[in-house]
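Participant: My questions all concern the structure below.
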Amino acid sequence: MNDHSEPLHAPTDAESLVPRLVALLEDFTQDWDHELSGQMTRETRLLADLGFESIDIIQLVVAIEEEITHKKMPFDQLLLKDGRYVDDLSIGQIADFLARHL
Amino acid sequence: MSASQPPPQTLFIGLDGCTYTILDELIRERPGEGLVMPFLADLIGRGVRCKLRSTPNPLTPPAWTTIMTGKGPGSHGVFDFIRAEDKGGDVYWTLYDSRDVDSEMIWSIASRAGKKIAALNFPLTAPPPKDINGAIVPGFIPAKHLRRNSHPQGLFERIKQDVPGFDPKELAWDFDKEKQAMETLSDADMENWVRYHLPREEQWFKIAEYVLTQERPDLMAVMFDGTDKIQHQAWQFLDPRLAPAQPSELYRRVRGVCLDYFRNLDRYIERLVTAAGPQAQVYFASDHGFTATVEVLRINSYLEDLGYLKFAANDGSELARRREAADFANVDWSQTVAYCRTPSSNGIHIRVASNPGDVGIPKKDYQRFRDKLIEQLKALRNDQGEPVVVDVLKREDWFPGPHMKDACDLTLVLRDHGFVSIRNLKPAVVRRPNPIGTHHPDGIFIACGPGVKAGETLARRQIVDVAPTLLHSLGLPIPEDFEGAVAENFFEPDWLAQHPVRAGAPTRRRGEREQTQEMDAQEKQQIIEQLQMLGYME
């Protein structure tokens with residue numbers, strides 16, 4: 001697996017996480033057929049813009065934990081809202097969530 | 001291959017779900033069909049064979065993890081494909097991955113001992129452990145994620161460049177297709193399902209041949225899983241006992257495709273064994289066997305009849321329809337105290353109220369509730385008055401170890417070894433329109449090569465014996481915390497005298513796990529509560 005970063009040391013602000021998530025997602029999706037033109041940003045959404053399916057989110061969680069946080073994170077708190085799985089997620093939402101929990 | 005590189009010591013070919021019931025028909029001459037697997041027939045004749053008893057729930061993830069770790073699910077912690085965390089009001093679902101395997105795999109043990117390994121298409125090997133000396137291309141990973149989950153970095157790109165016709169989409173795991181293994185399919189879909197596995201297996205073979213000849217690992221391991229998938233849907237075309245007196249055109253065609261699959265498999269085995277060379281010991285094992293299931297137990301429906309479960313409301317929306325069709329429990333958590341999470345778990349979780357206001361059985365009533373439920377399960381009868389559930393396994397008896405708390409409270413053994421359904425349908429027990437394949441607890445274990453006895457059929461062994469036998473074949477000591485033993489009866493006495501079994505240091509946990517090895521206060525409290533519920537502690 002590619003390792004994009006050194007382990008994080010808290011406290012970490014969400015804005016510094018955005019470029020690291022972008023770098024990870026660029027590698028993650030490099031051979032996919034998604035239709036995003038231009039740079040990924042804080043607003044880029046996994047399903048709508050990058051063509052994610054639910055199985056891809058599970059894989060992304062593993063990649064984030066392996067390469068960015070270097071530990072398991074309570075992703076259920078991000079993915080489950082009121083007993084239902086969220087419809088989509090932006091890079092910014094993931095960065096905010098990670099910053100809150102690191 | 002470089003002349004300076006030593007040949008592999010050990011070739012391990014995993015055959016998911018392989019059973020002698022089918023295999024024995026393929027390694028003997030049959031009228032009109034000939035000998036489908038001549039190479040394997042000869043190899044088995046020159047080696048030893050025995051049945052291999054699987055994990056208590058004979059299922060791919062826990063069973064292959066046991067083969068890879070030498071420990072049972074209570075120790076390694078993998079019980080199913082889907083991992084669920086009960087969050088009180090909600091259940092969070094995700095998939096098990098290699099980080100959930102709480103025991104060292106033989107790939108890491110052999111790497112630490114200076115051996116080079118290759119492990120191809122094994123489940124629970126993604127993300128690949130970082131301490132591997134050799135190659136891993138994981139199984140059960142979608143095509144889009146294979147590159148990042150292959151080890152070492154750059155291996156996937158080399159395979160893509162060097163292996164003619166390599167196509168990850170043809171090779172990799174498809175979540176939606178996988179589900180079809182357990183569904184009732186039309187004749188056309190079933191036939192396509194069988195055909196889909198031929199090119200897929202060819203892809204894995206090409207990678208295996210490439211890695212074996214290029215990398216020359218000491219332990220070369222590859223798993224072929226088309227055996228399991230085809231047997232699930234095409235059992236009636238494979239089991240000669242179910243052959244119709246007047247075969248239809250469909251029967252002839254589908255059986256023909258199935259036999260083509262096994263002819264190909266025989267060719268792959270021949271090429272790999274030949275490439276490994278005459279000095280290699282060759283092993284085959286399956287994670288479980290196979291048989292036919294003739295009826296369906298809709299277990300959550302039965303638990304609803306008993307008043308322990310309420311299904312989630314269905315408002316008729318597309319979302320509700322999709323949720324109900326999914327293979328994980330769709331229940332009203334506020335009114336459910338016992339439920340089955342997934343068909344593959346074949347078990348029941350009992351919810352225990354840990355805090356005031358929680359939904360579940362009060363802790364003090366757990367034993368009584370569970371005993372009553374066992375009686376009610378055993379009392380269930382089908383239309384013919386036959387018992388449907390022939391055994392109910394309590395987790396403390398069958399899944400001892402630090403992960404016992406993650407096992408189903410009760411694991412069911414059905415009379416036909418079928419997997420339960422969790423659909424919201426009545427009646428609770430119904431006959432299947434056609435028998436389909438299901439997992440049998442007895443799989444295969446075969447060995448051949450220098451030092452291995454010739455032409456013997458031996459007594460059944462346990463699935464925990466595979467890992468120590470493979471390590472011994474590599475010349476390595478057996479970790480003292482392994483739960484099985486080397487299959488010493490596979491070997492000639494002279495060879496065994498020259499290669500005595502050696503006990504070694506216990507397995508290691510990965511660095512990440514070492515950090516969490518110390519139980520925190522909450523975990524300790526949970527374990528105490530478990531023991532109290534079971535009556536082991538006051």
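Ordered as shown in the structure tokens, chains take letters A, B, and onward, while each chain numbers its residues from 1 and ligands are numbered from 1 in the order shown.
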Do you know which residues are at most 10 Å from B:Ala353 counting only C-alpha atoms, after dropping those on the same chain fewer than 6 positions away, and could you put them as a PDB file with C-alpha atoms, in the first residue's frame?
Facilitator:
ATOM      1  CA  GLY B  88     -27.562   0.191  21.249  1.00  0.00           C
ATOM      2  CA  VAL B 337     -34.110  -9.137  21.690  1.00  0.00           C
ATOM      3  CA  VAL B 359     -33.456  -3.054  24.752  1.00  0.00           C
ATOM      4  CA  GLY B 360     -32.569  -6.650  25.594  1.00  0.00           C
ATOM      5  CA  ILE B 361     -32.752  -9.459  28.073  1.00  0.00           C
ATOM      6  CA  PRO B 362     -31.798  -8.506  31.637  1.00  0.00           C
ATOM      7  CA  LYS B 363     -28.367  -9.948  32.379  1.00  0.00           C
ATOM      8  CA  LYS B 364     -29.682 -12.111  35.182  1.00  0.00           C
ATOM      9  CA  TYR B 366     -29.629 -14.565  30.033  1.00  0.00           C
TER      10      TYR B 366
END
Participant: Enumerate as an MDAnalysis selection string the residues belonging to chain A that approach chain B to within 12 Å, with only C-alpha atoms taken into account.
Facilitator: chainID A and resid 1:3 24:25 27:34 51:67 70:72 74:85 87
Participant: Can you check which parts of stretch 239-273 of chain B lie within 10 Å of stretch 32-42 of chain B? Per residue, the shortest pair of atoms and distance in Å to one decimal, counting only C-alpha atoms, sorted by chain and number, as a Markdown table.
Facilitator:
| residue | atom | partner | partner_atom | distance |
| --- | --- | --- | --- | --- |
| B:Gly256 | CA | B:Glu33 | CA | 9.3 |
| B:Leu259 | CA | B:Val36 | CA | 6.8 |
| B:Asp260 | CA | B:Val36 | CA | 8.3 |
| B:Tyr261 | CA | B:Val36 | CA | 9.7 |
| B:Phe262 | CA | B:Met37 | CA | 6.8 |
| B:Arg263 | CA | B:Val36 | CA | 5.5 |
| B:Asn264 | CA | B:Met37 | CA | 8.7 |
| B:Leu265 | CA | B:Met37 | CA | 7.9 |
| B:Asp266 | CA | B:Met37 | CA | 5.2 |
| B:Arg267 | CA | B:Phe39 | CA | 7.6 |
| B:Tyr268 | CA | B:Phe39 | CA | 9.8 |
| B:Ile269 | CA | B:Leu40 | CA | 7.4 |
| B:Glu270 | CA | B:Phe39 | CA | 6.1 |
| B:Arg271 | CA | B:Phe39 | CA | 9.9 |
| B:Val273 | CA | B:Phe39 | CA | 9.8 |
Participant: Interatomic distance between atom CA of B:Asp131 and atom CA of B:Ser111?
Facilitator: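 Computed distance, atom CA of B:Asp131 to atom CA of B:Ser111, equals 7.2 Å.
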Participant: I need the residues in chain A that are helix (DSSP H, G or I) according to DSSP; give them as a PyMOL selection string.
Facilitator: chain A and resi 14-28+46-50+54-69+76-79+91-101
Participant: Take the residues from that selection and write them out as a short mmCIF file (atom, residue, chain, number, x, y, z; two decimals), in the first residue's frame, keeping N, CA and C atoms.
Facilitator:
data_model
loop_
_atom_site.label_atom_id
_atom_site.label_comp_id
_atom_site.auth_asym_id
_atom_site.auth_seq_id
_atom_site.Cartn_x
_atom_site.Cartn_y
_atom_site.Cartn_z
N ALA A 14 -8.81 20.77 10.37
CA ALA A 14 -9.45 20.15 9.21
C ALA A 14 -8.81 20.61 7.90
N GLU A 15 -8.40 21.89 7.86
CA GLU A 15 -7.88 22.40 6.59
C GLU A 15 -6.59 21.71 6.18
N SER A 16 -5.77 21.31 7.15
CA SER A 16 -4.53 20.63 6.78
C SER A 16 -4.81 19.19 6.34
N LEU A 17 -5.98 18.69 6.71
CA LEU A 17 -6.33 17.32 6.30
C LEU A 17 -6.86 17.26 4.88
N VAL A 18 -7.44 18.37 4.41
CA VAL A 18 -8.05 18.34 3.07
C VAL A 18 -7.03 17.96 2.00
N PRO A 19 -5.86 18.61 1.92
CA PRO A 19 -4.92 18.21 0.85
C PRO A 19 -4.43 16.77 1.00
N ARG A 20 -4.36 16.29 2.23
CA ARG A 20 -3.92 14.90 2.41
C ARG A 20 -5.00 13.93 1.94
N LEU A 21 -6.25 14.28 2.21
CA LEU A 21 -7.34 13.44 1.72
C LEU A 21 -7.42 13.49 0.19
N VAL A 22 -7.17 14.68 -0.36
CA VAL A 22 -7.19 14.82 -1.83
C VAL A 22 -6.09 13.94 -2.43
N ALA A 23 -4.89 13.99 -1.84
CA ALA A 23 -3.79 13.18 -2.37
C ALA A 23 -4.14 11.69 -2.30
N LEU A 24 -4.72 11.29 -1.18
CA LEU A 24 -5.11 9.88 -1.04
C LEU A 24 -6.17 9.52 -2.07
N LEU A 25 -7.17 10.38 -2.22
CA LEU A 25 -8.27 10.06 -3.15
C LEU A 25 -7.80 10.10 -4.60
N GLU A 26 -6.82 10.95 -4.90
CA GLU A 26 -6.30 10.97 -6.29
C GLU A 26 -5.63 9.63 -6.61
N ASP A 27 -4.90 9.10 -5.64
CA ASP A 27 -4.29 7.79 -5.86
C ASP A 27 -5.37 6.69 -5.88
N PHE A 28 -6.29 6.81 -4.95
CA PHE A 28 -7.36 5.82 -4.78
C PHE A 28 -8.17 5.65 -6.08
N LEU A 46 -18.08 12.11 -2.67
CA LEU A 46 -17.62 10.76 -3.03
C LEU A 46 -18.53 10.10 -4.06
N LEU A 47 -19.84 10.11 -3.81
CA LEU A 47 -20.74 9.39 -4.71
C LEU A 47 -21.04 10.21 -5.96
N ALA A 48 -21.44 11.47 -5.75
CA ALA A 48 -21.90 12.28 -6.87
C ALA A 48 -20.76 12.63 -7.83
N ASP A 49 -19.57 12.91 -7.29
CA ASP A 49 -18.48 13.38 -8.15
C ASP A 49 -17.46 12.30 -8.50
N LEU A 50 -17.22 11.38 -7.58
CA LEU A 50 -16.15 10.40 -7.80
C LEU A 50 -16.68 9.00 -8.14
N SER A 54 -21.04 1.87 -2.24
CA SER A 54 -20.89 1.67 -0.79
C SER A 54 -19.65 0.84 -0.45
N ILE A 55 -19.33 -0.15 -1.29
CA ILE A 55 -18.14 -0.98 -1.02
C ILE A 55 -16.87 -0.13 -1.08
N ASP A 56 -16.90 0.93 -1.92
CA ASP A 56 -15.72 1.80 -2.04
C ASP A 56 -15.52 2.62 -0.77
N ILE A 57 -16.63 2.97 -0.13
CA ILE A 57 -16.51 3.73 1.12
C ILE A 57 -15.83 2.88 2.18
N ILE A 58 -16.19 1.60 2.23
CA ILE A 58 -15.55 0.70 3.20
C ILE A 58 -14.04 0.65 2.93
N GLN A 59 -13.67 0.58 1.67
CA GLN A 59 -12.24 0.54 1.32
C GLN A 59 -11.55 1.87 1.65
N LEU A 60 -12.27 2.98 1.45
CA LEU A 60 -11.67 4.29 1.75
C LEU A 60 -11.43 4.43 3.26
N VAL A 61 -12.37 3.95 4.05
CA VAL A 61 -12.19 3.99 5.51
C VAL A 61 -10.90 3.25 5.89
N VAL A 62 -10.69 2.09 5.29
CA VAL A 62 -9.47 1.32 5.58
C VAL A 62 -8.24 2.14 5.17
N ALA A 63 -8.30 2.74 3.99
CA ALA A 63 -7.13 3.50 3.49
C ALA A 63 -6.83 4.69 4.38
N ILE A 64 -7.87 5.40 4.82
CA ILE A 64 -7.65 6.56 5.70
C ILE A 64 -7.01 6.10 7.01
N GLU A 65 -7.53 5.01 7.55
CA GLU A 65 -7.00 4.52 8.83
C GLU A 65 -5.57 4.00 8.69
N GLU A 66 -5.28 3.42 7.53
CA GLU A 66 -3.93 2.88 7.32
C GLU A 66 -2.92 3.97 7.02
N GLU A 67 -3.34 5.00 6.29
CA GLU A 67 -2.35 5.93 5.73
C GLU A 67 -2.40 7.33 6.32
N ILE A 68 -3.50 7.70 6.93
CA ILE A 68 -3.57 9.06 7.48
C ILE A 68 -3.64 9.05 9.00
N THR A 69 -4.60 8.32 9.54
CA THR A 69 -4.75 8.38 11.01
C THR A 69 -3.90 7.34 11.72
N ASP A 76 -18.46 5.07 12.23
CA ASP A 76 -19.92 4.91 12.32
C ASP A 76 -20.57 6.26 12.64
N GLN A 77 -19.87 7.12 13.38
CA GLN A 77 -20.46 8.41 13.75
C GLN A 77 -20.58 9.34 12.55
N LEU A 78 -19.76 9.10 11.53
CA LEU A 78 -19.85 9.90 10.31
C LEU A 78 -20.84 9.28 9.31
N LEU A 79 -20.86 7.97 9.26
CA LEU A 79 -21.62 7.29 8.20
C LEU A 79 -23.08 7.02 8.59
N ILE A 91 -15.33 15.66 0.80
CA ILE A 91 -13.98 15.58 1.39
C ILE A 91 -13.92 16.44 2.64
N GLY A 92 -14.57 17.60 2.60
CA GLY A 92 -14.58 18.50 3.75
C GLY A 92 -15.24 17.86 4.97
N GLN A 93 -16.34 17.16 4.74
CA GLN A 93 -17.01 16.50 5.87
C GLN A 93 -16.11 15.46 6.52
N ILE A 94 -15.37 14.73 5.69
CA ILE A 94 -14.46 13.72 6.24
C ILE A 94 -13.34 14.41 7.02
N ALA A 95 -12.81 15.51 6.46
CA ALA A 95 -11.73 16.24 7.14
C ALA A 95 -12.21 16.78 8.48
N ASP A 96 -13.42 17.33 8.50
CA ASP A 96 -13.97 17.88 9.75
C ASP A 96 -14.12 16.76 10.79
N PHE A 97 -14.62 15.63 10.32
CA PHE A 97 -14.81 14.49 11.23
C PHE A 97 -13.48 14.02 11.80
N LEU A 98 -12.48 13.89 10.93
CA LEU A 98 -11.17 13.42 11.41
C LEU A 98 -10.57 14.42 12.40
N ALA A 99 -10.70 15.70 12.09
CA ALA A 99 -10.12 16.73 12.97
C ALA A 99 -10.77 16.66 14.36
N ARG A 100 -12.06 16.36 14.37
CA ARG A 100 -12.76 16.28 15.67
C ARG A 100 -12.29 15.09 16.49
N HIS A 101 -11.84 14.06 15.83
CA HIS A 101 -11.55 12.81 16.55
C HIS A 101 -10.07 12.50 16.69
#
Participant: Do you know which residues are at most 6 Å from A:Ser90 counting only C-alpha atoms, after dropping those on the same chain fewer than 4 positions away, and could you put them as a PDB file with C-alpha atoms, in the first residue's frame?
Facilitator:
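Saved as result-v9.pdb:
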ATOM      1  CA  GLU A  43     -16.590  20.281  -1.756  1.00  0.00           C
ATOM      2  CA  THR A  44     -15.905  17.180  -3.889  1.00  0.00           C
ATOM      3  CA  ARG A  45     -18.442  14.458  -3.033  1.00  0.00           C
TER       4      ARG A  45
END
Participant: Just give me the gap between atom CA of B:Ala503 and atom CA of B:Gly114 in Å, one decimal is fine.
Facilitator: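 Separation of atom CA of B:Ala503 and atom CA of B:Gly114: 17.4 Å.
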Participant: Let's see if you can do this: from backbone DSSP, list all strand (DSSP E) residues in stretch 379-426 of chain B, as a PyMOL selection string.
Facilitator: chain B and resi 389-394+410-414
Participant: Would you output that residue set with C-alpha atoms, as a PDB file, in the first residue's frame?
Facilitator:
ATOM      1  CA  VAL B 389     -32.401 -27.592  13.713  1.00  0.00           C
ATOM      2  CA  VAL B 390     -30.402 -30.648  14.747  1.00  0.00           C
ATOM      3  CA  ASP B 391     -27.878 -28.933  16.995  1.00  0.00           C
ATOM      4  CA  VAL B 392     -27.426 -25.568  18.677  1.00  0.00           C
ATOM      5  CA  LEU B 393     -23.876 -24.564  19.611  1.00  0.00           C
ATOM      6  CA  LYS B 394     -23.266 -22.326  22.620  1.00  0.00           C
ATOM      7  CA  LEU B 410     -26.083 -19.588  19.426  1.00  0.00           C
ATOM      8  CA  THR B 411     -24.858 -21.172  16.199  1.00  0.00           C
ATOM      9  CA  LEU B 412     -27.353 -23.400  14.409  1.00  0.00           C
ATOM     10  CA  VAL B 413     -26.673 -26.699  12.690  1.00  0.00           C
ATOM     11  CA  LEU B 414     -29.512 -27.448  10.287  1.00  0.00           C
TER      12      LEU B 414
END
Participant: Mind giving me the straight-line distance from atom CA of B:Gly277 to atom CA of B:Phe445 in Å, one decimal?
Facilitator: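 Atom CA of B:Phe445 lies at a distance of 20.6 Å from atom CA of B:Gly277.
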Participant: Near B:Thr291, within 6 Å and counting only C-alpha atoms, which residues show up once chain neighbours fewer than 4 positions away are dropped, as a VMD selection string?
Facilitator: chain B and resid 437 to 438 440
Participant: Okay, now the selection with C-alpha atoms, as a PDB file, in the first residue's frame?
Facilitator:
ATOM      1  CA  GLY B 437     -25.297 -26.453  -2.771  1.00  0.00           C
ATOM      2  CA  THR B 438     -24.438 -25.577   0.800  1.00  0.00           C
ATOM      3  CA  HIS B 440     -20.688 -29.246   4.706  1.00  0.00           C
TER       4      HIS B 440
END
